[in-house]
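Visitor: Sharing data04.txt, compact mmCIF, C-alpha atoms and all ligand atoms:
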# COMPACT_ATOMS: atom_id res chain seq x y z
CA MET A 1 -117.06 39.71 -254.19
CA ALA A 2 -118.56 38.08 -257.22
CA ASN A 3 -115.65 39.01 -259.46
CA THR A 4 -112.97 37.81 -257.06
CA VAL A 5 -111.26 34.55 -257.83
CA GLU A 6 -109.59 33.39 -254.67
CA GLY A 7 -107.37 30.55 -253.61
CA ASP A 8 -104.34 28.79 -254.96
CA SER A 9 -106.48 27.30 -257.68
CA THR A 10 -105.30 27.37 -261.25
CA GLY A 11 -108.21 29.74 -261.95
CA ALA A 12 -106.94 32.54 -259.72
CA MET A 13 -103.37 32.19 -261.00
CA ASP A 14 -104.53 32.09 -264.63
CA LEU A 15 -106.65 35.18 -264.15
CA ALA A 16 -103.85 37.02 -262.35
CA ARG A 17 -101.29 36.05 -265.00
CA SER A 18 -103.50 37.26 -267.80
CA LEU A 19 -104.11 40.57 -265.97
CA VAL A 20 -100.34 41.03 -265.62
CA GLN A 21 -99.67 40.09 -269.24
CA ARG A 22 -102.33 42.46 -270.59
CA ALA A 23 -101.34 45.36 -268.32
CA GLU A 24 -99.13 48.18 -269.50
CA ARG A 25 -98.66 49.91 -266.13
CA ILE A 26 -98.19 47.88 -262.95
CA MET A 27 -97.51 49.06 -259.43
CA ALA A 28 -96.42 46.45 -256.91
CA LEU A 29 -97.10 47.53 -253.32
CA THR A 30 -95.24 45.40 -250.82
CA GLY A 31 -95.18 44.98 -247.06
CA ALA A 32 -93.37 42.95 -244.44
CA GLY A 33 -94.73 39.63 -245.75
CA VAL A 34 -92.57 39.88 -248.88
CA SER A 35 -89.49 39.66 -246.65
CA ALA A 36 -90.84 36.98 -244.30
CA GLU A 37 -89.16 34.17 -246.22
CA SER A 38 -85.88 36.07 -246.05
CA GLY A 39 -86.10 35.76 -242.26
CA VAL A 40 -87.29 39.30 -241.43
CA PRO A 41 -90.15 39.11 -238.89
CA THR A 42 -93.43 40.79 -239.87
CA PHE A 43 -94.92 43.41 -237.54
CA ARG A 44 -98.29 41.90 -236.83
CA GLY A 45 -97.61 38.18 -237.14
CA ALA A 46 -95.77 35.62 -235.02
CA GLY A 47 -92.38 37.02 -234.00
CA GLY A 48 -93.65 40.58 -234.44
CA LEU A 49 -92.94 41.51 -230.85
CA TRP A 50 -89.48 42.58 -229.69
CA LYS A 51 -89.13 41.93 -225.96
CA GLN A 52 -92.72 42.78 -224.93
CA TYR A 53 -93.08 45.72 -227.33
CA ARG A 54 -95.20 46.13 -230.47
CA ALA A 55 -94.14 48.44 -233.32
CA GLU A 56 -96.87 50.84 -232.20
CA ASP A 57 -95.13 51.15 -228.80
CA LEU A 58 -91.70 52.03 -230.20
CA ALA A 59 -92.17 53.54 -233.65
CA THR A 60 -93.44 56.92 -232.48
CA PRO A 61 -91.82 60.31 -231.84
CA GLU A 62 -93.22 60.12 -228.30
CA ALA A 63 -91.44 56.82 -227.60
CA PHE A 64 -88.17 58.28 -228.91
CA ALA A 65 -88.58 61.42 -226.77
CA ARG A 66 -89.31 59.24 -223.72
CA ASP A 67 -86.57 56.65 -224.19
CA ALA A 68 -84.30 57.12 -227.22
CA ARG A 69 -81.95 54.43 -225.93
CA LEU A 70 -84.69 51.77 -225.94
CA VAL A 71 -85.92 52.76 -229.42
CA TRP A 72 -82.35 52.70 -230.77
CA GLU A 73 -81.75 49.32 -229.12
CA TRP A 74 -84.73 47.97 -231.11
CA TYR A 75 -83.42 49.47 -234.36
CA GLY A 76 -79.92 48.16 -233.64
CA TRP A 77 -81.34 44.66 -233.21
CA ARG A 78 -83.36 44.94 -236.44
CA ARG A 79 -80.42 46.36 -238.35
CA SER A 80 -78.15 43.47 -237.42
CA LEU A 81 -80.93 40.96 -238.12
CA VAL A 82 -81.58 42.38 -241.62
CA LEU A 83 -77.84 42.56 -242.41
CA GLY A 84 -77.88 38.77 -242.07
CA CYS A 85 -80.79 38.38 -244.53
CA ALA A 86 -80.80 38.17 -248.32
CA PRO A 87 -83.52 38.93 -250.87
CA ASN A 88 -85.78 35.98 -251.68
CA ALA A 89 -87.37 34.81 -254.93
CA ALA A 90 -90.22 37.35 -254.60
CA HIS A 91 -87.81 40.32 -254.33
CA ARG A 92 -85.85 38.94 -257.29
CA ALA A 93 -88.92 38.40 -259.47
CA LEU A 94 -90.18 41.94 -258.75
CA ALA A 95 -86.72 43.38 -259.47
CA SER A 96 -86.45 41.59 -262.81
CA ALA A 97 -89.98 42.61 -263.84
CA SER A 98 -89.21 46.25 -263.09
CA ALA A 99 -85.90 46.04 -264.92
CA VAL A 100 -87.54 44.56 -268.02
CA ARG A 101 -90.89 46.37 -268.12
CA PRO A 102 -90.58 50.17 -268.28
CA ALA A 103 -93.88 50.81 -266.47
CA PHE A 104 -93.51 48.26 -263.67
CA HIS A 105 -92.79 50.01 -260.35
CA VAL A 106 -92.14 48.62 -256.90
CA VAL A 107 -93.43 50.72 -254.01
CA THR A 108 -92.63 49.32 -250.58
CA GLN A 109 -93.55 50.03 -246.98
CA ASN A 110 -90.51 48.03 -245.90
CA VAL A 111 -87.44 49.64 -244.41
CA ASP A 112 -85.20 46.56 -244.82
CA GLY A 113 -83.74 47.56 -248.20
CA LEU A 114 -84.08 44.04 -249.65
CA HIS A 115 -85.89 45.23 -252.81
CA ALA A 116 -82.96 47.56 -253.52
CA VAL A 117 -80.45 44.75 -252.92
CA ALA A 118 -82.39 42.56 -255.37
CA ALA A 119 -82.46 45.38 -257.93
CA GLY A 120 -78.66 45.60 -257.71
CA GLY A 121 -77.23 48.20 -260.02
CA THR A 122 -80.34 48.55 -262.19
CA ALA A 123 -82.01 51.93 -262.59
CA SER A 124 -85.38 50.65 -261.40
CA LEU A 125 -84.99 51.21 -257.67
CA PRO A 126 -88.00 50.72 -255.38
CA LEU A 127 -89.83 53.64 -253.82
CA GLU A 128 -89.43 53.23 -250.04
CA LEU A 129 -92.43 54.95 -248.43
CA HIS A 130 -91.48 54.46 -244.78
CA GLY A 131 -87.74 55.21 -244.97
CA SER A 132 -84.74 53.01 -244.37
CA LEU A 133 -83.13 51.08 -241.51
CA PHE A 134 -79.80 52.10 -243.01
CA ARG A 135 -80.25 55.87 -243.01
CA ILE A 136 -80.19 58.21 -240.01
CA ARG A 137 -81.29 61.82 -239.59
CA CYS A 138 -80.28 64.57 -237.17
CA THR A 139 -83.03 65.50 -234.68
CA ALA A 140 -81.76 69.13 -234.70
CA CYS A 141 -80.40 70.11 -238.13
CA GLY A 142 -82.13 67.40 -240.20
CA ARG A 143 -78.92 66.21 -241.90
CA ARG A 144 -79.30 62.69 -243.31
CA GLN A 145 -76.61 60.08 -243.79
CA ASP A 146 -76.35 56.44 -244.76
CA ASP A 147 -75.33 54.28 -241.83
CA ARG A 148 -74.95 50.52 -241.66
CA SER A 149 -72.88 50.38 -238.47
CA ALA A 150 -73.73 48.46 -235.31
CA ILE A 151 -75.66 50.54 -232.77
CA ASP A 152 -74.19 50.88 -229.29
CA ALA A 153 -77.27 51.50 -227.15
CA THR A 154 -75.51 51.22 -223.79
CA THR A 155 -76.36 54.83 -222.87
CA THR A 156 -77.76 57.91 -224.63
CA GLU A 157 -74.18 59.16 -225.09
CA THR A 158 -73.15 56.07 -227.08
CA LEU A 159 -76.04 56.50 -229.57
CA PRO A 160 -75.30 58.05 -233.01
CA HIS A 161 -74.76 61.83 -232.86
CA CYS A 162 -74.59 64.37 -235.68
CA ASP A 163 -71.14 65.07 -237.16
CA THR A 164 -72.26 68.62 -237.97
CA CYS A 165 -74.11 69.88 -234.89
CA GLY A 166 -73.59 67.15 -232.27
CA ALA A 167 -77.30 66.51 -231.65
CA LEU A 168 -78.82 63.05 -231.34
CA MET A 169 -79.50 61.21 -234.61
CA ARG A 170 -82.67 59.15 -235.17
CA PRO A 171 -83.57 56.43 -237.65
CA ASP A 172 -84.72 58.01 -240.95
CA ILE A 173 -87.97 56.11 -240.72
CA VAL A 174 -91.58 57.32 -240.78
CA TRP A 175 -93.09 56.74 -237.37
CA PHE A 176 -96.77 56.72 -236.43
CA GLY A 177 -98.22 60.21 -236.51
CA GLU A 178 -95.52 61.48 -238.88
CA PRO A 179 -96.18 62.41 -242.51
CA LEU A 180 -94.67 60.41 -245.34
CA ASP A 181 -92.30 62.29 -247.63
CA PRO A 182 -94.74 64.28 -249.81
CA ALA A 183 -92.72 63.81 -253.02
CA GLY A 184 -92.41 60.06 -252.54
CA PHE A 185 -96.02 59.58 -251.53
CA GLY A 186 -97.19 61.86 -254.37
CA GLU A 187 -95.31 59.64 -256.81
CA ALA A 188 -96.94 56.54 -255.29
CA VAL A 189 -100.38 58.16 -255.68
CA ARG A 190 -99.62 58.92 -259.34
CA LEU A 191 -98.39 55.37 -260.00
CA ALA A 192 -101.38 53.79 -258.23
CA SER A 193 -103.91 56.02 -259.99
CA ALA A 194 -102.42 55.28 -263.42
CA ALA A 195 -101.86 51.55 -262.91
CA ASP A 196 -103.76 48.91 -264.87
CA VAL A 197 -102.83 46.48 -262.09
CA CYS A 198 -101.92 47.05 -258.46
CA LEU A 199 -100.14 43.95 -257.18
CA VAL A 200 -100.37 43.96 -253.39
CA VAL A 201 -97.87 41.60 -251.77
CA GLY A 202 -97.51 40.69 -248.10
CA THR A 203 -99.12 43.63 -246.37
CA SER A 204 -101.84 43.59 -243.72
CA ALA A 205 -103.12 46.81 -245.37
CA VAL A 206 -104.01 48.44 -242.07
CA VAL A 207 -101.43 51.22 -241.97
CA HIS A 208 -102.44 54.37 -243.79
CA PRO A 209 -101.90 56.19 -246.05
CA ALA A 210 -100.08 53.31 -247.85
CA ALA A 211 -103.05 50.98 -247.28
CA GLY A 212 -105.25 53.25 -249.42
CA LEU A 213 -103.09 53.11 -252.55
CA ALA A 214 -104.61 49.96 -254.06
CA ASP A 215 -108.03 51.52 -253.88
CA LEU A 216 -106.83 54.38 -256.10
CA THR A 217 -106.08 51.82 -258.82
CA ARG A 218 -109.47 50.16 -258.38
CA ARG A 219 -111.37 53.46 -258.45
CA ALA A 220 -109.58 54.44 -261.66
CA GLY A 221 -110.72 51.18 -263.29
CA GLY A 222 -107.63 49.04 -262.71
CA ALA A 223 -107.41 45.61 -261.13
CA ILE A 224 -106.00 44.55 -257.77
CA ILE A 225 -104.13 41.27 -257.37
CA GLU A 226 -103.43 40.29 -253.78
CA VAL A 227 -100.69 37.87 -252.74
CA ASN A 228 -100.85 36.99 -249.06
CA VAL A 229 -100.94 33.98 -246.77
CA ASP A 230 -103.95 35.48 -245.02
CA SER A 231 -106.94 37.69 -245.75
CA THR A 232 -106.76 41.47 -245.36
CA PRO A 233 -109.08 44.45 -245.86
CA ILE A 234 -108.00 44.37 -249.54
CA THR A 235 -109.13 40.78 -250.12
CA GLY A 236 -112.77 41.67 -250.65
CA VAL A 237 -112.04 44.23 -253.37
CA ALA A 238 -109.28 42.33 -255.17
CA THR A 239 -109.91 40.98 -258.66
CA ALA A 240 -107.71 37.98 -257.98
CA VAL A 241 -106.48 36.67 -254.64
CA LEU A 242 -103.48 34.36 -254.57
CA ARG A 243 -103.14 32.65 -251.22
CA GLY A 244 -99.65 31.52 -250.33
CA PRO A 245 -96.11 32.60 -249.57
CA ALA A 246 -94.81 35.47 -251.68
CA ALA A 247 -91.56 33.70 -252.58
CA GLU A 248 -93.56 30.94 -254.28
CA ILE A 249 -96.45 32.90 -255.75
CA VAL A 250 -94.77 36.05 -257.08
CA PRO A 251 -92.19 34.28 -259.30
CA GLU A 252 -94.95 32.08 -260.75
CA LEU A 253 -97.16 35.10 -261.36
CA LEU A 254 -94.42 37.10 -263.10
CA ARG A 255 -92.71 34.21 -264.92
CA ASP A 256 -92.53 34.66 -268.71
CA GLU A 257 -94.24 32.04 -270.81
C1 LIG B 1 -97.09 36.99 -246.02
C2 LIG B 1 -96.10 36.12 -245.73
C3 LIG B 1 -95.53 35.48 -246.80
C4 LIG B 1 -96.75 36.99 -243.81
N1 LIG B 1 -95.98 35.73 -247.99
N2 LIG B 1 -97.58 37.30 -247.17
C5 LIG B 1 -107.17 55.37 -238.41
C6 LIG B 1 -107.42 55.37 -239.79
C7 LIG B 1 -106.46 55.77 -240.69
C8 LIG B 1 -105.20 56.14 -240.25
C9 LIG B 1 -104.95 56.14 -238.90
C10 LIG B 1 -105.92 55.77 -238.00
N3 LIG B 1 -105.38 55.88 -236.76
C11 LIG B 1 -104.10 56.28 -236.86
C12 LIG B 1 -103.83 56.44 -238.18
C13 LIG B 1 -102.57 56.85 -238.77
C14 LIG B 1 -101.52 55.77 -238.78
C15 LIG B 1 -102.13 54.41 -239.07
O1 LIG B 1 -102.38 54.04 -240.19
N4 LIG B 1 -102.36 53.63 -238.02
C16 LIG B 1 -103.01 52.33 -238.16
C17 LIG B 1 -102.23 51.29 -237.36
C18 LIG B 1 -104.44 52.47 -237.72
N5 LIG B 1 -100.60 56.14 -239.85
C19 LIG B 1 -99.62 56.99 -239.64
O2 LIG B 1 -99.41 57.48 -238.54
C20 LIG B 1 -98.79 57.38 -240.85
N6 LIG B 1 -98.69 58.79 -240.92
C21 LIG B 1 -99.76 59.57 -241.04
O3 LIG B 1 -100.89 59.14 -241.14
O4 LIG B 1 -99.45 60.89 -241.07
C22 LIG B 1 -100.51 61.83 -241.11
C23 LIG B 1 -99.90 63.19 -240.92
C24 LIG B 1 -100.09 64.13 -241.89
C25 LIG B 1 -99.53 65.41 -241.73
C26 LIG B 1 -98.79 65.70 -240.59
C27 LIG B 1 -98.59 64.74 -239.63
C28 LIG B 1 -99.14 63.46 -239.80
C29 LIG B 1 -97.38 56.87 -240.73
C30 LIG B 1 -97.33 55.39 -240.74
C31 LIG B 1 -95.92 54.92 -240.58
C32 LIG B 1 -95.89 53.44 -240.35
N7 LIG B 1 -94.63 53.04 -239.99
C33 LIG B 1 -94.40 51.65 -239.65
C34 LIG B 1 -93.33 51.55 -238.58
C35 LIG B 1 -92.02 51.95 -239.02
C36 LIG B 1 -91.13 51.46 -238.00
C37 LIG B 1 -90.13 50.55 -238.57
O5 LIG B 1 -90.31 49.82 -239.53
O6 LIG B 1 -89.12 50.58 -237.96
O7 LIG B 1 -94.12 50.93 -240.83
S1 LIG B 1 -95.77 50.78 -238.96
C38 LIG B 1 -95.35 49.25 -239.62
O8 LIG B 1 -96.54 48.87 -240.34
C39 LIG B 1 -94.24 49.52 -240.65
C40 LIG B 1 -94.83 48.84 -241.87
O9 LIG B 1 -94.28 49.41 -243.04
C41 LIG B 1 -96.30 49.08 -241.73
C42 LIG B 1 -97.16 48.14 -242.52
O10 LIG B 1 -97.03 46.83 -242.04
P1 LIG B 1 -97.05 45.63 -243.08
O11 LIG B 1 -95.92 45.76 -244.00
O12 LIG B 1 -98.39 45.53 -243.68
O13 LIG B 1 -96.71 44.40 -242.12
P2 LIG B 1 -97.69 43.52 -241.22
O14 LIG B 1 -96.84 42.78 -240.27
O15 LIG B 1 -98.79 44.33 -240.66
O16 LIG B 1 -98.35 42.50 -242.25
C43 LIG B 1 -97.63 41.47 -242.88
C44 LIG B 1 -98.53 40.79 -243.87
O17 LIG B 1 -97.78 39.84 -244.58
C45 LIG B 1 -99.72 40.06 -243.25
O18 LIG B 1 -100.89 40.35 -243.99
C46 LIG B 1 -99.34 38.59 -243.40
O19 LIG B 1 -100.49 37.76 -243.58
C47 LIG B 1 -98.50 38.62 -244.63
N8 LIG B 1 -97.51 37.58 -244.77
N9 LIG B 1 -95.90 36.11 -244.33
C48 LIG B 1 -96.99 36.62 -248.18
N10 LIG B 1 -94.54 34.58 -246.59
ZN ZN B 2 -77.21 67.99 -236.83
Translate this file's structure into structure tokens.
Ligand code: BJW
Ligand code: ZN
Guide:
Amino acid sequence: MANTVEGDSTGAMDLARSLVQRAERIMALTGAGVSAESGVPTFRGAGGLWKQYRAEDLATPEAFARDARLVWEWYGWRRSLVLGCAPNAAHRALASASAVRPAFHVVTQNVDGLHAVAAGGTASLPLELHGSLFRIRCTACGRRQDDRSAIDATTTETLPHCDTCGALMRPDIVWFGEPLDPAGFGEAVRLASAADVCLVVGTSAVVHPAAGLADLTRRAGGAIIEVNVDSTPITGVATAVLRGPAAEIVPELLRDE
């Protein structure tokens, strides 16, 4: 695109910084790449497979119906992995920007909770579109509860069961073919449509409907800034493209003069 400044050149960073400084409303949309430098594997990059499985093989209601034990074993592994990870400089920079700027919102596809850890006790918590690794939901009565315990996936009987009705619990995560929470996604649509800048960090932008949010900003006249180590379907429509690891680029982008 003629108006896209790409690369790690000073030009792209200068343009992106001036867009951020001039903007009143900013929505940051993040994906797995923002947590890569914390040690959380991305879905579609190196290390994205667990055993021989892809997320698409396990993160579906059909996979859970077929083999709940296997799906829970995957989530148990991810839970313990993430419990050993800490937010990185990108999470921290986004958390401070949203604490300081009233109209700076973080919307994440990630289920690892690292944005919330970085936000600490501040009121500006991220909007988690795809749920949480640390929340479970009853497959029968729908009761939700926070849960950070280790998963015993030895047999179906040892998996988490509902304290109220005894039925099997599942991760409170949005799987393929399932709708996102309408209130949460509606809020993300409002934020994207009203944003002067949509800052897209570390997502392959292939999973919908989240992948379509940045385009709402663009169609309403706002700018897209992409931060990614690689190109994505968003690259061609971004106003500025910053190539590099999120933990280096995001703090530089959001740093005060
Ligand atoms: C770095 C970096 C560094 C690396 N620094 N960058 C065709 C068209 C449109 C839609 C569909 C379609 N076919 C099917 C669909 C629907 C489907 C979908 O989009 N599928 C696509 C795969 C094609 N979507 C759904 O099913 C959604 N629901 C839905 O549509 O409901 C409709 C409905 C309505 C009413 C009733 C019923 C239904 C739900 C999607 C839920 C997605 N959930 C997952 C799995 C959760 C499991 C879990 O986490 O446990 O969420 S999928 C997985 O992908 C996860 C992620 O949040 C999501 C996005 O991935 P992300 O974050 O982009 O990660 P990666 O790995 O893909 O990319 C990492 C990026 O970081 C890369 O670009 C790297 O370059 C970069 N990077 N290191 C900066 N250091
Ligand atoms: Zn129940």
Visitor: Using only C-alpha atoms, determine which residues lie at most 8 Å from Pro126 in chain A, disregarding the query and same-chain residues fewer than 5 positions distant; provide the list as an mmCIF file with C-alpha atoms, in the frame of the given file.
Guide:
data_model
loop_
_atom_site.group_PDB
_atom_site.id
_atom_site.type_symbol
_atom_site.label_atom_id
_atom_site.label_comp_id
_atom_site.auth_asym_id
_atom_site.auth_seq_id
_atom_site.Cartn_x
_atom_site.Cartn_y
_atom_site.Cartn_z
ATOM 1 C CA HIS A 105 -92.790 50.010 -260.350
ATOM 2 C CA VAL A 106 -92.140 48.620 -256.900
ATOM 3 C CA VAL A 107 -93.430 50.720 -254.010
ATOM 4 C CA THR A 108 -92.630 49.320 -250.580
ATOM 5 C CA HIS A 115 -85.890 45.230 -252.810
ATOM 6 C CA ALA A 116 -82.960 47.560 -253.520
#
Visitor: Residues within 12 Å of Lys51 in chain A, please, as an MDAnalysis selection string. Count only C-alpha atoms; anything in the same chain fewer than 5 positions from it doesn't count.
Guide: chainID A and resid 57:58 70:71 73:74 77
Visitor: Show which residues sit within 12 Å of Ala247 in chain A, as a PyMOL selection string. Count only C-alpha atoms, and ignore same-chain residues fewer than 5 positions away.
Guide: chain A and resi 33-39+87-94+201-202+227-229+252-254
Visitor: Find the residues near ligand ZN 2 (chain B). Use a cut-off of 8 Å, count all atoms listed in the file, and write them as a VMD selection string.
Guide: chain A and resid 137 to 143 161 to 169
Visitor: Using all atoms listed in the file for the distances, tell me which of A:Asn110, A:Thr239, A:Thr156, A:Thr217 is nearest to ligand LIG 1 (chain B).
Guide: A:Asn110
Visitor: Residues at most 8 Å from ligand LIG 1 (chain B), using only C-alpha atoms and all ligand atoms? Could they come as a ChimeraX atom specification?
Guide: /A:30-37,41-45,48,55-56,58-59,75,108-111,129-130,133,173-180,201-211,227-232,243-247
Visitor: Using Å and a single decimal, report how far CA of Met13 in chain A sits from CA of Arg190 in chain A.
Guide: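 These two atoms are separated by 27.0 Å.
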Visitor: Record the distance separating CA of Asp112 in chain A and CA of Glu128 in chain A, expressed in Å with one decimal.
Guide: 9.5 Å
Visitor: Give me the residues within 10 Å of range 218-223 of chain A as a list of chain:residue names, counting only C-alpha atoms and dropping any in the same chain fewer than 2 places off.
Guide: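 My list of contacting residues is A:Ala16, A:Leu19, A:Val20, A:Ala23, A:Arg25, A:Ile26, A:Ala192, A:Ser193, A:Ala194, A:Ala195, A:Asp196, A:Val197, A:Cys198, A:Leu199, A:Leu213, A:Ala214, A:Asp215, A:Leu216, A:Ile225, A:Glu226, A:Val237, A:Ala238, A:Thr239, A:Ala240.
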Visitor: Rank nothing, just name the residue among A:Ser98, A:Leu15, A:Ala183, A:Glu62 nearest to Ile224 in chain A, using all atoms listed in the file.
Guide: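 Among A:Ser98, A:Leu15, A:Ala183, A:Glu62, it is A:Leu15 that comes nearest to Ile224 in chain A.
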Visitor: Would you work out the distance separating CA of Leu159 in chain A from CA of Ala46 in chain A, expressed in Å to one decimal?
Guide: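 Pair CA of Leu159 in chain A / CA of Ala46 in chain A returns 29.2 Å.
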Visitor: Which is closer to Val40 in chain A than all the others in A:Thr122, A:Thr155, A:Ser80, A:Gln145, using all atoms listed in the file?
Guide: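 Smallest separation from Val40 in chain A among the options: A:Ser80.
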Visitor: Given all atoms listed in the file as the basis, pick out the residue of A:Val117, A:Leu81, A:Met27, A:Ala86 nearest to Ala103 in chain A.
Guide: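 Among A:Val117, A:Leu81, A:Met27, A:Ala86, it is A:Met27 that comes nearest to Ala103 in chain A.
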Visitor: Select, from A:Ser132, A:Ala12, A:Asp146, A:Arg170, the residue with the minimum atom-to-atom distance to Asp67 in chain A, counting only C-alpha atoms.
Guide: A:Arg170
Visitor: Since the input lacks atoms, please generate all heavy atoms for range 134-142 of chain A and provide them as an mmCIF file, in the coordinates of the input.
Guide:
data_model
loop_
_atom_site.group_PDB
_atom_site.id
_atom_site.type_symbol
_atom_site.label_atom_id
_atom_site.label_comp_id
_atom_site.auth_asym_id
_atom_site.auth_seq_id
_atom_site.Cartn_x
_atom_site.Cartn_y
_atom_site.Cartn_z
ATOM 1 N N PHE A 134 -81.225 51.830 -242.797
ATOM 2 C CA PHE A 134 -79.800 52.100 -243.010
ATOM 3 C C PHE A 134 -79.529 53.568 -243.331
ATOM 4 O O PHE A 134 -78.560 53.897 -243.996
ATOM 5 C CB PHE A 134 -79.256 51.160 -244.097
ATOM 6 C CG PHE A 134 -79.455 49.712 -243.707
ATOM 7 C CD1 PHE A 134 -80.440 48.935 -244.318
ATOM 8 C CD2 PHE A 134 -78.710 49.157 -242.677
ATOM 9 C CE1 PHE A 134 -80.653 47.620 -243.920
ATOM 10 C CE2 PHE A 134 -78.919 47.847 -242.277
ATOM 11 C CZ PHE A 134 -79.891 47.077 -242.893
ATOM 12 N N ARG A 135 -80.448 54.427 -242.881
ATOM 13 C CA ARG A 135 -80.250 55.870 -243.010
ATOM 14 C C ARG A 135 -80.644 56.513 -241.681
ATOM 15 O O ARG A 135 -81.608 56.077 -241.056
ATOM 16 C CB ARG A 135 -81.102 56.409 -244.151
ATOM 17 C CG ARG A 135 -80.483 57.566 -244.898
ATOM 18 C CD ARG A 135 -81.226 57.931 -246.168
ATOM 19 N NE ARG A 135 -82.653 57.955 -245.935
ATOM 20 C CZ ARG A 135 -83.526 57.241 -246.631
ATOM 21 N NH1 ARG A 135 -83.126 56.450 -247.612
ATOM 22 N NH2 ARG A 135 -84.810 57.311 -246.352
ATOM 23 N N ILE A 136 -79.878 57.518 -241.264
ATOM 24 C CA ILE A 136 -80.190 58.210 -240.010
ATOM 25 C C ILE A 136 -80.322 59.709 -240.296
ATOM 26 O O ILE A 136 -79.844 60.201 -241.331
ATOM 27 C CB ILE A 136 -79.134 57.932 -238.909
ATOM 28 C CG1 ILE A 136 -77.743 58.353 -239.358
ATOM 29 C CG2 ILE A 136 -79.154 56.459 -238.531
ATOM 30 C CD1 ILE A 136 -76.649 58.095 -238.293
ATOM 31 N N ARG A 137 -80.981 60.407 -239.362
ATOM 32 C CA ARG A 137 -81.290 61.820 -239.590
ATOM 33 C C ARG A 137 -81.104 62.578 -238.280
ATOM 34 O O ARG A 137 -81.477 62.070 -237.221
ATOM 35 C CB ARG A 137 -82.741 61.898 -240.057
ATOM 36 C CG ARG A 137 -83.259 63.242 -240.334
ATOM 37 C CD ARG A 137 -84.622 63.145 -241.023
ATOM 38 N NE ARG A 137 -85.715 63.350 -240.105
ATOM 39 C CZ ARG A 137 -86.787 62.582 -240.012
ATOM 40 N NH1 ARG A 137 -86.916 61.519 -240.780
ATOM 41 N NH2 ARG A 137 -87.740 62.859 -239.158
ATOM 42 N N CYS A 138 -80.536 63.786 -238.376
ATOM 43 C CA CYS A 138 -80.280 64.570 -237.170
ATOM 44 C C CYS A 138 -81.595 65.147 -236.621
ATOM 45 O O CYS A 138 -82.391 65.714 -237.376
ATOM 46 C CB CYS A 138 -79.293 65.696 -237.471
ATOM 47 S SG CYS A 138 -78.988 66.736 -236.024
ATOM 48 N N THR A 139 -81.799 64.998 -235.303
ATOM 49 C CA THR A 139 -83.030 65.500 -234.680
ATOM 50 C C THR A 139 -83.014 67.036 -234.604
ATOM 51 O O THR A 139 -84.057 67.642 -234.378
ATOM 52 C CB THR A 139 -83.186 64.958 -233.248
ATOM 53 O OG1 THR A 139 -81.988 65.261 -232.518
ATOM 54 C CG2 THR A 139 -83.420 63.455 -233.240
ATOM 55 N N ALA A 140 -81.826 67.662 -234.790
ATOM 56 C CA ALA A 140 -81.760 69.130 -234.700
ATOM 57 C C ALA A 140 -81.655 69.767 -236.083
ATOM 58 O O ALA A 140 -82.491 70.587 -236.462
ATOM 59 C CB ALA A 140 -80.595 69.550 -233.818
ATOM 60 N N CYS A 141 -80.623 69.404 -236.862
ATOM 61 C CA CYS A 141 -80.400 70.110 -238.130
ATOM 62 C C CYS A 141 -80.974 69.357 -239.330
ATOM 63 O O CYS A 141 -80.994 69.888 -240.438
ATOM 64 C CB CYS A 141 -78.923 70.419 -238.347
ATOM 65 S SG CYS A 141 -77.905 68.994 -238.776
ATOM 66 N N GLY A 142 -81.456 68.128 -239.121
ATOM 67 C CA GLY A 142 -82.130 67.400 -240.200
ATOM 68 C C GLY A 142 -81.187 66.717 -241.189
ATOM 69 O O GLY A 142 -81.649 66.083 -242.145
#
